Structure formats: structure tokens, C-alpha cells
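Asker: If it helps, the file is called protein-v2.cif and holds mmCIF, C-alpha atoms and all ligand atoms:
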```
data_structure
#
loop_
_atom_site.label_atom_id
_atom_site.label_comp_id
_atom_site.auth_asym_id
_atom_site.auth_seq_id
_atom_site.Cartn_x
_atom_site.Cartn_y
_atom_site.Cartn_z
CA MET N 53 -21.91 -6.96 0.81
CA LYS N 54 -21.42 -8.05 -2.79
CA VAL N 55 -18.06 -8.87 -4.37
CA ILE N 56 -16.70 -8.98 -7.92
CA TRP N 57 -15.72 -12.32 -9.40
CA ASN N 58 -14.20 -11.88 -12.82
CA LYS N 59 -16.46 -9.28 -14.43
CA GLU N 60 -19.63 -9.88 -12.44
CA ILE N 61 -20.99 -8.49 -9.18
CA VAL N 62 -22.02 -11.57 -7.18
CA ASP N 63 -22.69 -12.84 -3.65
CA ARG N 64 -19.48 -13.74 -1.88
CA ALA N 65 -20.70 -17.29 -1.24
CA SER N 66 -20.98 -18.00 -4.96
CA VAL N 67 -17.26 -17.31 -5.68
CA LYS N 68 -15.34 -20.45 -6.61
CA ILE N 69 -11.55 -20.37 -6.92
CA ASP N 70 -9.87 -23.46 -8.32
CA LEU N 71 -7.35 -25.10 -6.00
CA GLU N 72 -4.84 -24.96 -8.83
CA ASP N 73 -5.25 -21.22 -9.26
CA ARG N 74 -1.70 -19.88 -9.54
CA GLY N 75 -2.50 -17.18 -7.05
CA TYR N 76 -3.35 -19.84 -4.49
CA GLN N 77 -0.44 -22.15 -5.33
CA PHE N 78 2.38 -19.73 -6.21
CA GLY N 79 1.25 -16.30 -5.07
CA ASP N 80 1.35 -15.51 -8.80
CA GLY N 81 -0.76 -12.37 -8.92
CA LEU N 82 -1.10 -8.67 -8.18
CA TYR N 83 -3.32 -6.63 -5.87
CA GLU N 84 -4.34 -3.07 -5.07
CA VAL N 85 -6.12 -1.30 -2.24
CA ILE N 86 -7.90 1.98 -2.95
CA ARG N 87 -9.56 4.16 -0.34
CA ALA N 88 -12.98 5.71 -0.83
CA TYR N 89 -13.94 8.99 0.80
CA ASN N 90 -17.51 10.19 0.45
CA GLY N 91 -18.12 7.41 -2.03
CA THR N 92 -15.29 8.57 -4.36
CA LEU N 93 -12.20 6.44 -4.96
CA PHE N 94 -9.15 8.61 -4.21
CA THR N 95 -6.26 8.38 -6.74
CA ILE N 96 -8.05 5.58 -8.62
CA ASP N 97 -6.13 6.16 -11.88
CA GLU N 98 -2.75 6.00 -10.16
CA HIS N 99 -3.64 2.65 -8.54
CA ILE N 100 -4.92 1.22 -11.82
CA ASP N 101 -1.78 2.42 -13.63
CA ARG N 102 0.37 0.67 -11.01
CA MET N 103 -1.50 -2.61 -11.49
CA PHE N 104 -0.99 -2.39 -15.25
CA ARG N 105 2.72 -1.62 -14.75
CA GLY N 106 3.00 -4.66 -12.45
CA ALA N 107 1.21 -6.84 -15.01
CA ASP N 108 3.73 -5.77 -17.66
CA LYS N 109 6.62 -6.70 -15.36
CA ILE N 110 5.32 -10.26 -14.89
CA ASP N 111 3.91 -10.75 -18.42
CA LEU N 112 0.39 -11.06 -17.09
CA LYS N 113 -2.13 -10.15 -19.75
CA MET N 114 -4.76 -7.83 -18.27
CA PRO N 115 -8.26 -9.14 -19.12
CA PHE N 116 -9.66 -5.60 -19.38
CA THR N 117 -8.71 -2.06 -20.31
CA LYS N 118 -7.90 0.53 -17.65
CA GLU N 119 -11.27 2.16 -18.24
CA GLU N 120 -13.15 -1.15 -17.91
CA LEU N 121 -11.35 -1.94 -14.65
CA LYS N 122 -12.13 1.55 -13.37
CA GLN N 123 -15.84 1.23 -14.13
CA LEU N 124 -15.91 -2.26 -12.61
CA ILE N 125 -14.53 -1.21 -9.23
CA ILE N 126 -16.61 1.97 -9.15
CA SER N 127 -19.68 -0.21 -9.69
CA LEU N 128 -18.87 -2.27 -6.57
CA ILE N 129 -18.38 0.85 -4.44
CA LYS N 130 -21.82 2.01 -5.61
CA GLU N 131 -23.45 -1.41 -5.17
CA ASN N 132 -22.14 -1.75 -1.59
CA GLN N 133 -22.82 1.92 -0.85
CA ILE N 134 -19.31 2.49 0.48
CA ASP N 135 -18.89 5.99 1.82
CA THR N 136 -15.57 5.81 3.70
CA GLY N 137 -13.84 2.48 3.22
CA ASN N 138 -11.53 0.39 1.11
CA ILE N 139 -11.73 -1.70 -1.99
CA TYR N 140 -9.29 -4.60 -2.27
CA PHE N 141 -8.86 -6.22 -5.65
CA GLN N 142 -6.52 -8.81 -7.05
CA LEU N 143 -5.73 -10.50 -10.29
CA THR N 144 -4.06 -13.90 -10.49
CA ARG N 145 -2.69 -15.69 -13.51
CA GLY N 146 -5.49 -18.25 -13.15
CA ASN N 147 -5.64 -22.01 -13.25
CA GLY N 148 -2.52 -23.28 -14.98
CA SER N 149 -2.83 -26.99 -14.23
CA PRO N 150 -0.90 -29.23 -14.36
CA ARG N 151 1.15 -27.42 -11.69
CA ASN N 152 4.36 -26.02 -13.16
CA HIS N 153 6.42 -23.00 -12.06
CA ALA N 154 6.78 -21.69 -15.63
CA TYR N 155 4.15 -19.23 -16.83
CA PRO N 156 1.48 -21.12 -18.77
CA ASP N 157 0.67 -20.13 -22.34
CA PRO N 158 -1.46 -16.97 -21.92
CA GLU N 159 -3.84 -18.28 -24.59
CA LYS N 160 -4.60 -21.30 -22.38
CA VAL N 161 -5.27 -19.59 -19.02
CA THR N 162 -7.80 -17.02 -17.94
CA PRO N 163 -6.66 -14.57 -15.23
CA VAL N 164 -8.96 -14.52 -12.19
CA PHE N 165 -10.12 -11.18 -10.81
CA THR N 166 -11.79 -10.63 -7.45
CA ALA N 167 -12.69 -7.49 -5.51
CA SER N 168 -14.27 -6.83 -2.13
CA THR N 169 -15.01 -3.77 -0.02
CA THR N 170 -14.83 -2.89 3.67
CA VAL N 171 -16.18 0.05 5.60
CA VAL N 172 -13.27 1.62 7.49
CA PRO N 173 -13.58 5.05 9.10
CA ARG N 174 -10.48 7.23 9.54
CA ASP N 175 -8.75 6.45 12.85
CA ALA N 176 -8.41 10.01 14.14
CA VAL N 177 -7.17 8.88 17.56
CA LEU N 178 -4.33 6.79 16.18
CA MET N 179 -3.41 9.55 13.72
CA SER N 180 -3.17 12.13 16.49
CA LYS N 181 -1.29 9.90 18.97
CA GLY N 182 1.03 8.05 16.61
CA VAL N 183 2.22 4.46 16.71
CA ALA N 184 5.19 2.36 17.80
CA ALA N 185 7.48 0.72 15.25
CA ILE N 186 10.39 -1.69 15.35
CA THR N 187 13.31 -1.79 12.91
CA ILE N 188 14.16 -5.06 11.20
CA PRO N 189 16.44 -6.30 8.40
CA ASP N 190 14.63 -6.35 5.06
CA MET N 191 14.36 -10.04 4.21
CA ARG N 192 12.26 -9.65 1.09
CA TRP N 193 13.07 -10.24 -2.56
CA LEU N 194 14.47 -7.73 -5.05
CA HIS N 195 11.23 -6.89 -6.88
CA CYS N 196 9.49 -4.95 -4.12
CA ASP N 197 8.21 -2.54 -6.78
CA ILE N 198 5.75 -5.24 -7.92
CA LYS N 199 2.60 -5.19 -5.78
CA SER N 200 2.61 -8.97 -5.63
CA ILE N 201 0.21 -11.04 -3.57
CA SER N 202 3.30 -13.07 -2.47
CA LEU N 203 3.63 -11.24 0.83
CA LEU N 204 5.29 -13.72 3.16
CA GLY N 205 8.36 -11.52 3.80
CA ASN N 206 6.11 -8.57 4.63
CA VAL N 207 3.85 -10.78 6.77
CA MET N 208 6.84 -12.09 8.76
CA ALA N 209 8.14 -8.55 9.36
CA LYS N 210 4.73 -7.33 10.57
CA HIS N 211 4.46 -10.35 12.87
CA GLU N 212 7.78 -9.43 14.52
CA ALA N 213 6.32 -5.99 15.25
CA HIS N 214 3.09 -7.41 16.63
CA LYS N 215 4.99 -9.86 18.87
CA VAL N 216 6.40 -6.90 20.82
CA GLY N 217 3.21 -4.84 20.74
CA ALA N 218 4.39 -2.51 17.96
CA PHE N 219 2.24 -1.41 15.03
CA GLU N 220 4.69 -1.60 12.16
CA ALA N 221 8.15 -2.88 11.18
CA ILE N 222 10.47 -0.46 9.37
CA GLN N 223 12.89 -2.44 7.25
CA HIS N 224 16.53 -1.77 6.32
CA ARG N 225 18.86 -3.34 3.79
CA ASP N 226 22.66 -2.92 4.04
CA GLY N 227 22.15 -0.13 6.58
CA ILE N 228 19.69 1.80 4.38
CA VAL N 229 16.06 2.19 5.40
CA THR N 230 13.83 0.85 2.62
CA GLU N 231 10.17 0.85 3.69
CA ALA N 232 7.85 -0.64 6.30
CA SER N 233 6.06 -3.99 5.98
CA SER N 234 2.86 -2.51 4.51
CA SER N 235 3.66 1.19 4.22
CA ASN N 236 6.37 3.60 3.06
CA SER N 237 8.77 5.03 5.63
CA TRP N 238 9.77 8.67 6.09
CA MET N 239 11.96 10.72 8.44
CA ILE N 240 12.41 14.41 9.10
CA LYS N 241 15.72 15.95 10.15
CA ASP N 242 16.37 19.70 10.44
CA ASP N 243 13.14 20.50 8.56
CA VAL N 244 14.00 18.26 5.59
CA ILE N 245 11.69 15.35 4.77
CA TYR N 246 13.46 12.19 3.54
CA THR N 247 12.08 9.05 1.91
CA HIS N 248 13.66 6.23 -0.09
CA PRO N 249 13.51 6.78 -3.87
CA ASP N 250 11.34 4.49 -5.99
CA GLY N 251 13.11 1.54 -7.61
CA ASN N 252 13.15 -2.21 -7.08
CA LEU N 253 13.71 -2.04 -3.30
CA ILE N 254 10.36 -0.46 -2.36
CA LEU N 255 6.79 -0.19 -3.54
CA ALA N 256 6.15 3.13 -5.27
CA GLY N 257 3.36 4.09 -2.88
CA ILE N 258 0.49 6.14 -4.26
CA THR N 259 0.20 7.88 -0.88
CA LYS N 260 3.93 8.65 -1.15
CA LEU N 261 3.28 10.26 -4.53
CA VAL N 262 0.50 12.41 -3.05
CA ILE N 263 2.65 13.42 -0.05
CA LEU N 264 5.60 14.39 -2.27
CA LYS N 265 3.28 16.59 -4.35
CA ILE N 266 1.51 18.34 -1.47
CA ALA N 267 4.72 18.82 0.51
CA ARG N 268 6.52 20.41 -2.45
CA GLU N 269 3.52 22.59 -3.29
CA ALA N 270 3.51 23.82 0.32
CA GLY N 271 7.19 24.75 0.03
CA LEU N 272 8.45 22.05 2.41
CA LYS N 273 11.91 20.64 1.72
CA VAL N 274 11.73 17.05 0.47
CA LYS N 275 14.58 14.75 -0.50
CA GLU N 276 13.73 11.46 -2.15
CA GLU N 277 17.05 9.84 -1.30
CA PRO N 278 18.29 6.90 0.77
CA TYR N 279 18.89 7.45 4.50
CA THR N 280 20.49 5.15 7.01
CA LEU N 281 19.14 3.29 10.01
CA GLU N 282 21.38 5.51 12.16
CA GLN N 283 19.80 8.65 10.67
CA LEU N 284 16.34 7.22 11.28
CA LYS N 285 17.15 6.72 14.93
CA GLN N 286 18.39 10.33 15.23
CA ALA N 287 15.40 11.78 13.34
CA ASP N 288 13.30 14.66 14.68
CA GLU N 289 10.11 13.08 13.33
CA VAL N 290 9.23 9.76 11.68
CA PHE N 291 6.10 8.67 9.88
CA ILE N 292 4.76 5.92 7.65
CA SER N 293 2.31 6.29 4.78
CA SER N 294 -0.17 4.11 2.95
CA THR N 295 -3.59 4.24 1.39
CA THR N 296 -5.25 3.09 4.61
CA LEU N 297 -2.95 4.90 7.11
CA GLU N 298 -2.49 8.19 5.21
CA VAL N 299 0.21 10.10 7.19
CA MET N 300 0.73 8.05 10.36
CA PRO N 301 3.21 9.38 12.95
CA VAL N 302 5.72 6.97 14.49
CA VAL N 303 6.50 8.09 18.03
CA THR N 304 8.67 5.22 19.24
CA LEU N 305 11.29 3.14 17.44
CA ASP N 306 12.48 -0.09 19.06
CA GLY N 307 11.04 1.23 22.34
CA ALA N 308 12.94 4.57 22.26
CA SER N 309 11.17 7.91 21.72
CA VAL N 310 11.41 9.57 18.32
CA GLY N 311 12.43 13.19 19.04
CA ASP N 312 10.54 14.23 22.16
CA GLY N 313 8.13 11.31 21.76
CA LYS N 314 5.26 13.51 20.57
CA VAL N 315 3.76 13.97 17.13
CA GLY N 316 5.90 16.71 15.54
CA PRO N 317 4.97 19.88 13.63
CA ILE N 318 5.89 18.75 10.12
CA VAL N 319 3.98 15.48 10.41
CA THR N 320 0.98 17.42 11.72
CA LYS N 321 1.29 19.82 8.76
CA LEU N 322 1.44 16.91 6.29
CA GLN N 323 -1.66 15.36 7.89
CA GLU N 324 -3.53 18.65 7.36
CA LEU N 325 -2.34 18.97 3.76
CA TYR N 326 -3.32 15.36 3.06
CA ALA N 327 -6.80 15.88 4.48
CA GLN N 328 -7.17 19.02 2.33
CA GLU N 329 -6.13 17.08 -0.77
CA VAL N 330 -8.68 14.34 -0.01
CA THR N 331 -11.38 16.99 0.43
CA ARG N 332 -10.35 18.71 -2.79
CA VAL N 333 -10.72 15.44 -4.74
CA CYS N 334 -13.54 13.68 -2.89
CA GLY N 335 -15.46 16.54 -1.28
CA GLU N 336 -16.29 17.25 2.37
N1 LIG N 401 4.95 -0.38 0.82
C1 LIG N 401 4.36 -1.57 1.01
C2 LIG N 401 5.24 -2.76 1.20
C3 LIG N 401 2.96 -1.68 1.04
O1 LIG N 401 2.38 -2.88 1.22
C4 LIG N 401 2.17 -0.52 0.89
C5 LIG N 401 0.68 -0.57 0.95
N2 LIG N 401 0.13 -1.56 0.21
C6 LIG N 401 2.83 0.71 0.69
C7 LIG N 401 4.21 0.73 0.66
C8 LIG N 401 2.05 1.97 0.49
O2 LIG N 401 1.46 2.00 -0.77
P1 LIG N 401 0.17 2.88 -1.06
O3 LIG N 401 0.47 4.25 -0.57
O4 LIG N 401 0.02 2.82 -2.54
O5 LIG N 401 -0.97 2.26 -0.31
#
```
Here is the file; what I need is its structure written in the form of C-alpha cells.

Answerer:
Amino acid sequence: MKVIWNKEIVDRASVKIDLEDRGYQFGDGLYEVIRAYNGTLFTIDEHIDRMFRGADKIDLKMPFTKEELKQLIISLIKENQIDTGNIYFQLTRGNGSPRNHAYPDPEKVTPVFTASTTVVPRDAVLMSKGVAAITIPDMRWLHCDIKSISLLGNVMAKHEAHKVGAFEAIQHRDGIVTEASSSNSWMIKDDVIYTHPDGNLILAGITKLVILKIAREAGLKVKEEPYTLEQLKQADEVFISSTTLEVMPVVTLDGASVGDGKVGPIVTKLQELYAQEVTRVCGE
């Protein structure tokens, strides 16, 4: 499998990242993950827009236009013949030596771009059975809208889940459910679907955007508003969403069953609608 290093498709072994790269030393960079179905990158423009928005927020000068970035990542999907899989790409502020927290003069640094692909089939078994989650205080910073490669808070939360055999950690701040460690969090009560509104406390998930659209088009009731940890624990259905997980049911929370402990009807409906949307965009 080839990778992208800056603007070239190269062998992975030939990539050289300087030890003073600000991504490596400070986590000073942004990333995206886009899923390919049938060789087509789903919601590619939305992901690219988000990276450009993030770059604006941290004064990182993008080294290419949106269209150039789009063609670059499409070329890697083609080169590696990815049918169903993911592309991961990241952009760091580059080598700013001598080490200094302050942003270096953008004229004196060159951002470093890398991209790689993986073949990952849809996990139909997991999607039909659901997963276990824990709840945990949100210990992250206040710019969760930036898809930063500084992920230690998220990594620590996920580790707490894995320590007890759970799949994901759903985080809460001041009693309000924010999002999970690497996915958005949702609950359903009395046929209404709730999810935290976008803002600085969560990542504006692209999968969330797709789910909001397809749910509303199907006439389901959706409220993008904060809900409490107590409400989550009393929910009829719970699910998490991300590019790689799509609509993933959560059937236990902190060891207790969600609803009757089975995947519920609205989550099943959303899974069907999501699959239809993927087919509409990427083909059968
Ligand atoms: N929140 C967090 C913290 C995430 O890491 C992710 C996935 N990267 C998401 C939400 C879901 O985002 P998306 O649907 O764009 O993959």
C-alpha cells in the first residue's frame, strides 16, 4: 500500500518526519478520516470543509486548495484500489525548530501532509448486536470542535472503556452528555432522537450531519439539544455515530441494559436509512 507524503504518492518506508515536527512535539495539527464505499469517498467535501475550518481556527495555512486536496486523496484511493475502507490524513504545522510553543512565522515553516489507507469491511455483526459503553466525566479541553491530532483526553477515556471490556466511553460535562471518545452520542426517548448541538464542546461529526438529514427527511422527530446523564440512563435507545461506525447501537451503559437490552426500532430504522444514503451516493 502506498501513502501520500506532502503532495506525492510514495512507499511508506520512504516517509521521513523530522523529530521537531510540531505535530510530533506538540500535537499541533489536524486530521480527518473518510470512508470509501465501492471505491467512492462518502461525504468527501464535508470532511475537507471541516479540515479547512479547523485550519482557520488555528491559523494553519493550508498548502493546497480544497480541490487539490480532494484530487490528492482520491488518487491514493485509486492507487491502493480501496473498495471499502478508510483514508486517514493529517496536516501538521511542520518543523518549527528551535522548539517554541508559539506558532512559527508561516513563511518559515512548511506544513507536513500525510495520508494512508486501510481496507475495513462493514462490521455487520457488531452493528446488529450493538456494543457496551461506559459513562465518564469529559476531561478534554474546550475546543473539541477542532479535529486536532492532540487526542490524549479522548485516548484516556477510550482506555477506561477498554479496561472494563466496553467498546466506547460516553462523556458528560456538568451533568450534560457531550459525545463519546471517538464518536458522537445519541439517545432516543418517547420516539424523539436527541443529540448534543454543535459548538465548542463536541466535534461536529459528518456522520451526525448525515443522520440529522436522513432522519428529518424520513419524518422522524430530532432534537439537537443538550440532554443529561440521567436522561441517557433512562433512554429507550442509545447509539453512537462516526465515519467508521456509522449508526452503532449501544445496548449496555455502565453494565446496565439500555431499554430492554436489544437493538431498538428507531436505531434499526436509522441504520437502514444510512445504508440507503451510502448506496445513493456510492452505488451498490
Ligand atoms: N466525536 C469525536 C470525538 C470523534 O473523534 C469522531 C470521529 N473522528 C466523531 C465525533 C465523529 O465524527 P465523524 O462522524 O465526522 O467521523

Asker: Counting all atoms listed in the file, which of N:Glu131, N:Asp175, N:Glu329, N:Asp190 gets nearest to ligand LIG 401 (chain N)?

Answerer: N:Asp190

Asker: What is the atom C5 of ligand LIG 401 (chain N) to CA of Val177 in chain N distance in Å?

Answerer: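 So the answer is 20.7 Å.
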
Asker: Find the residues around range 227-230 of chain N up to 7 Å (only C-alpha atoms counted), leave out those fewer than 4 positions away in its own chain, and share them as a PyMOL selection string.

Answerer: chain N and resi 223+248+253-254+278-281

Asker: Listing only residues of chain N within 7 Å of ligand LIG 401 (chain N), what is the closest atom pair and its distance in Å (to one decimal) for each, using only C-alpha atoms and all ligand atoms, sorted by chain and residue number ascending, as a Markdown table?

Answerer:
```
| residue | atom | partner | partner_atom | distance |
| --- | --- | --- | --- | --- |
| N:Val85 | CA | N:LIG401 | O5 | 6.6 |
| N:Asn206 | CA | N:LIG401 | C2 | 6.8 |
| N:Glu231 | CA | N:LIG401 | N1 | 6.1 |
| N:Ala232 | CA | N:LIG401 | C2 | 6.1 |
| N:Ser233 | CA | N:LIG401 | C2 | 5.0 |
| N:Ser234 | CA | N:LIG401 | O1 | 3.3 |
| N:Ser235 | CA | N:LIG401 | C7 | 3.6 |
| N:Asn236 | CA | N:LIG401 | C7 | 4.3 |
| N:Ile254 | CA | N:LIG401 | N1 | 6.3 |
| N:Leu255 | CA | N:LIG401 | N1 | 4.7 |
| N:Ala256 | CA | N:LIG401 | O2 | 6.6 |
| N:Gly257 | CA | N:LIG401 | O2 | 3.5 |
| N:Ile258 | CA | N:LIG401 | O4 | 3.8 |
| N:Thr259 | CA | N:LIG401 | O3 | 3.7 |
| N:Lys260 | CA | N:LIG401 | O3 | 5.6 |
| N:Ser293 | CA | N:LIG401 | O3 | 6.0 |
| N:Ser294 | CA | N:LIG401 | O3 | 3.6 |
| N:Thr295 | CA | N:LIG401 | O5 | 3.7 |
| N:Thr296 | CA | N:LIG401 | O5 | 6.6 |
```

Asker: Give me, please, the distance in Å between CA of Asp97 in chain N and CA of Ile139 in chain N, quoted to one decimal.

Answerer: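 The value is 13.8 Å.
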
Asker: For a quick check of understanding, using all atoms listed in the file, which of N:Pro249, N:Arg332, N:Val244, N:Leu305 has the smallest distance to Val216 in chain N?

Answerer: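 Closest candidate: N:Leu305.
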
Asker: Write out as a PyMOL selection string the residues lying within 9 Å of range 71-83 of chain N, counting all atoms listed in the file and excluding same-chain residues fewer than 6 positions away.

Answerer: chain N and resi 103+106-107+110+112+140-151+153+163-164+198-203

Asker: Restrict the selected residues to C-alpha atoms and save them as a PDB file, in the coordinates of the input.

Answerer:
```
ATOM      1  CA  MET N 103      -1.500  -2.610 -11.490  1.00  0.00           C
ATOM      2  CA  GLY N 106       3.000  -4.660 -12.450  1.00  0.00           C
ATOM      3  CA  ALA N 107       1.210  -6.840 -15.010  1.00  0.00           C
ATOM      4  CA  ILE N 110       5.320 -10.260 -14.890  1.00  0.00           C
ATOM      5  CA  LEU N 112       0.390 -11.060 -17.090  1.00  0.00           C
ATOM      6  CA  TYR N 140      -9.290  -4.600  -2.270  1.00  0.00           C
ATOM      7  CA  PHE N 141      -8.860  -6.220  -5.650  1.00  0.00           C
ATOM      8  CA  GLN N 142      -6.520  -8.810  -7.050  1.00  0.00           C
ATOM      9  CA  LEU N 143      -5.730 -10.500 -10.290  1.00  0.00           C
ATOM     10  CA  THR N 144      -4.060 -13.900 -10.490  1.00  0.00           C
ATOM     11  CA  ARG N 145      -2.690 -15.690 -13.510  1.00  0.00           C
ATOM     12  CA  GLY N 146      -5.490 -18.250 -13.150  1.00  0.00           C
ATOM     13  CA  ASN N 147      -5.640 -22.010 -13.250  1.00  0.00           C
ATOM     14  CA  GLY N 148      -2.520 -23.280 -14.980  1.00  0.00           C
ATOM     15  CA  SER N 149      -2.830 -26.990 -14.230  1.00  0.00           C
ATOM     16  CA  PRO N 150      -0.900 -29.230 -14.360  1.00  0.00           C
ATOM     17  CA  ARG N 151       1.150 -27.420 -11.690  1.00  0.00           C
ATOM     18  CA  HIS N 153       6.420 -23.000 -12.060  1.00  0.00           C
ATOM     19  CA  PRO N 163      -6.660 -14.570 -15.230  1.00  0.00           C
ATOM     20  CA  VAL N 164      -8.960 -14.520 -12.190  1.00  0.00           C
ATOM     21  CA  ILE N 198       5.750  -5.240  -7.920  1.00  0.00           C
ATOM     22  CA  LYS N 199       2.600  -5.190  -5.780  1.00  0.00           C
ATOM     23  CA  SER N 200       2.610  -8.970  -5.630  1.00  0.00           C
ATOM     24  CA  ILE N 201       0.210 -11.040  -3.570  1.00  0.00           C
ATOM     25  CA  SER N 202       3.300 -13.070  -2.470  1.00  0.00           C
ATOM     26  CA  LEU N 203       3.630 -11.240   0.830  1.00  0.00           C
TER      27      LEU N 203
END
```

Asker: Using Å and a single decimal, report how far CA of Ala88 in chain N sits from CA of Tyr326 in chain N.

Answerer: 14.2 Å

Asker: Counting only C-alpha atoms, which residues have an atom no more than 10 Å from (-8.3, 2.5, -14.6) in the file's coordinates? Please list them as a ChimeraX atom specification.

Answerer: /N:96-104,116-126

Asker: Which residue, N:Ala287, N:Ile56, N:Ala185, N:Leu264, has the smallest gap to Asp312 in chain N when you use all atoms listed in the file?

Answerer: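 Under the stated criterion, the closest residue is N:Ala287.
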
Asker: Name the residues within 9 Å of (7.0, 6.9, 10.9), counting only C-alpha atoms in the file's coordinates, and put them as a PyMOL selection string.

Answerer: chain N and resi 182-185+220+222+232+236-239+289-293+299-305

Asker: From the options N:Gly205, N:Ile61, N:Glu336, N:Lys273, which residue's atoms come nearest to Asp135 in chain N, counting only C-alpha atoms?

Answerer: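 The shortest atom-to-atom distance to Asp135 in chain N comes from N:Glu336.
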
Asker: Smallest atom-to-atom distance to Tyr246 in chain N: which of N:Ile318, N:Glu212, N:Leu194, N:Leu297, using only C-alpha atoms?

Answerer: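 Checking each candidate against Tyr246 in chain N, we get N:Ile318 as the closest.
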
Asker: Which residue is closest to Met179 in chain N? Choose from N:Ala327, N:Cys334, N:Val207, N:Ile240 and count all atoms listed in the file.

Answerer: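 Among N:Ala327, N:Cys334, N:Val207, N:Ile240, it is N:Ala327 that comes nearest to Met179 in chain N.
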
Asker: Filtering to C-alpha atoms, could range 211-275 of chain N of the supplied structure be written out as a PDB file, in the first residue's frame?

Answerer:
```pdb
ATOM      1  CA  HIS N 211      -8.815   3.289  27.640  1.00  0.00           C
ATOM      2  CA  GLU N 212     -11.165   3.461  30.641  1.00  0.00           C
ATOM      3  CA  ALA N 213     -13.829   1.775  28.497  1.00  0.00           C
ATOM      4  CA  HIS N 214     -11.449  -0.912  27.275  1.00  0.00           C
ATOM      5  CA  LYS N 215     -10.250  -1.639  30.828  1.00  0.00           C
ATOM      6  CA  VAL N 216     -13.756  -2.881  31.698  1.00  0.00           C
ATOM      7  CA  GLY N 217     -14.366  -4.613  28.376  1.00  0.00           C
ATOM      8  CA  ALA N 218     -16.592  -1.855  26.960  1.00  0.00           C
ATOM      9  CA  PHE N 219     -16.373  -0.533  23.416  1.00  0.00           C
ATOM     10  CA  GLU N 220     -16.778   3.186  23.950  1.00  0.00           C
ATOM     11  CA  ALA N 221     -16.841   5.892  26.632  1.00  0.00           C
ATOM     12  CA  ILE N 222     -19.716   8.391  26.548  1.00  0.00           C
ATOM     13  CA  GLN N 223     -18.587  11.624  28.152  1.00  0.00           C
ATOM     14  CA  HIS N 224     -20.501  14.192  30.216  1.00  0.00           C
ATOM     15  CA  ARG N 225     -19.654  17.687  31.384  1.00  0.00           C
ATOM     16  CA  ASP N 226     -21.562  19.354  34.262  1.00  0.00           C
ATOM     17  CA  GLY N 227     -24.236  16.656  34.013  1.00  0.00           C
ATOM     18  CA  ILE N 228     -24.739  17.119  30.252  1.00  0.00           C
ATOM     19  CA  VAL N 229     -23.801  14.367  27.807  1.00  0.00           C
ATOM     20  CA  THR N 230     -21.350  15.756  25.250  1.00  0.00           C
ATOM     21  CA  GLU N 231     -20.056  12.990  22.970  1.00  0.00           C
ATOM     22  CA  ALA N 232     -18.131   9.717  23.084  1.00  0.00           C
ATOM     23  CA  SER N 233     -14.334   9.403  22.890  1.00  0.00           C
ATOM     24  CA  SER N 234     -14.239   8.911  19.110  1.00  0.00           C
ATOM     25  CA  SER N 235     -17.887   9.215  18.086  1.00  0.00           C
ATOM     26  CA  ASN N 236     -20.992  11.352  18.627  1.00  0.00           C
ATOM     27  CA  SER N 237     -23.566  10.224  21.169  1.00  0.00           C
ATOM     28  CA  TRP N 238     -27.335   9.990  20.704  1.00  0.00           C
ATOM     29  CA  MET N 239     -30.362   8.886  22.734  1.00  0.00           C
ATOM     30  CA  ILE N 240     -33.985   8.203  21.929  1.00  0.00           C
ATOM     31  CA  LYS N 241     -36.825   8.822  24.371  1.00  0.00           C
ATOM     32  CA  ASP N 242     -40.529   8.549  23.514  1.00  0.00           C
ATOM     33  CA  ASP N 243     -39.750   8.456  19.769  1.00  0.00           C
ATOM     34  CA  VAL N 244     -37.659  11.648  19.865  1.00  0.00           C
ATOM     35  CA  ILE N 245     -33.993  11.461  18.842  1.00  0.00           C
ATOM     36  CA  TYR N 246     -31.654  13.703  20.863  1.00  0.00           C
ATOM     37  CA  THR N 247     -28.041  14.701  20.256  1.00  0.00           C
ATOM     38  CA  HIS N 248     -25.828  17.487  21.613  1.00  0.00           C
ATOM     39  CA  PRO N 249     -25.780  20.598  19.399  1.00  0.00           C
ATOM     40  CA  ASP N 250     -22.569  21.545  17.593  1.00  0.00           C
ATOM     41  CA  GLY N 251     -20.358  24.101  19.337  1.00  0.00           C
ATOM     42  CA  ASN N 252     -17.035  24.026  21.137  1.00  0.00           C
ATOM     43  CA  LEU N 253     -17.895  21.046  23.376  1.00  0.00           C
ATOM     44  CA  ILE N 254     -18.145  18.403  20.636  1.00  0.00           C
ATOM     45  CA  LEU N 255     -16.842  17.584  17.195  1.00  0.00           C
ATOM     46  CA  ALA N 256     -19.385  18.431  14.504  1.00  0.00           C
ATOM     47  CA  GLY N 257     -19.481  14.878  13.167  1.00  0.00           C
ATOM     48  CA  ILE N 258     -20.043  14.422   9.450  1.00  0.00           C
ATOM     49  CA  THR N 259     -21.956  11.214  10.199  1.00  0.00           C
ATOM     50  CA  LYS N 260     -24.084  13.250  12.630  1.00  0.00           C
ATOM     51  CA  LEU N 261     -24.850  15.669   9.804  1.00  0.00           C
ATOM     52  CA  VAL N 262     -25.916  12.798   7.531  1.00  0.00           C
ATOM     53  CA  ILE N 263     -28.070  11.211  10.269  1.00  0.00           C
ATOM     54  CA  LEU N 264     -29.818  14.513  11.047  1.00  0.00           C
ATOM     55  CA  LYS N 265     -30.644  14.919   7.349  1.00  0.00           C
ATOM     56  CA  ILE N 266     -31.919  11.392   6.710  1.00  0.00           C
ATOM     57  CA  ALA N 267     -33.878  11.266   9.975  1.00  0.00           C
ATOM     58  CA  ARG N 268     -35.637  14.570   9.252  1.00  0.00           C
ATOM     59  CA  GLU N 269     -36.344  13.563   5.646  1.00  0.00           C
ATOM     60  CA  ALA N 270     -37.926  10.351   6.938  1.00  0.00           C
ATOM     61  CA  GLY N 271     -40.179  12.366   9.248  1.00  0.00           C
ATOM     62  CA  LEU N 272     -38.518  11.219  12.483  1.00  0.00           C
ATOM     63  CA  LYS N 273     -38.500  13.684  15.373  1.00  0.00           C
ATOM     64  CA  VAL N 274     -34.999  15.011  16.051  1.00  0.00           C
ATOM     65  CA  LYS N 275     -33.896  17.494  18.689  1.00  0.00           C
TER      66      LYS N 275
END
```
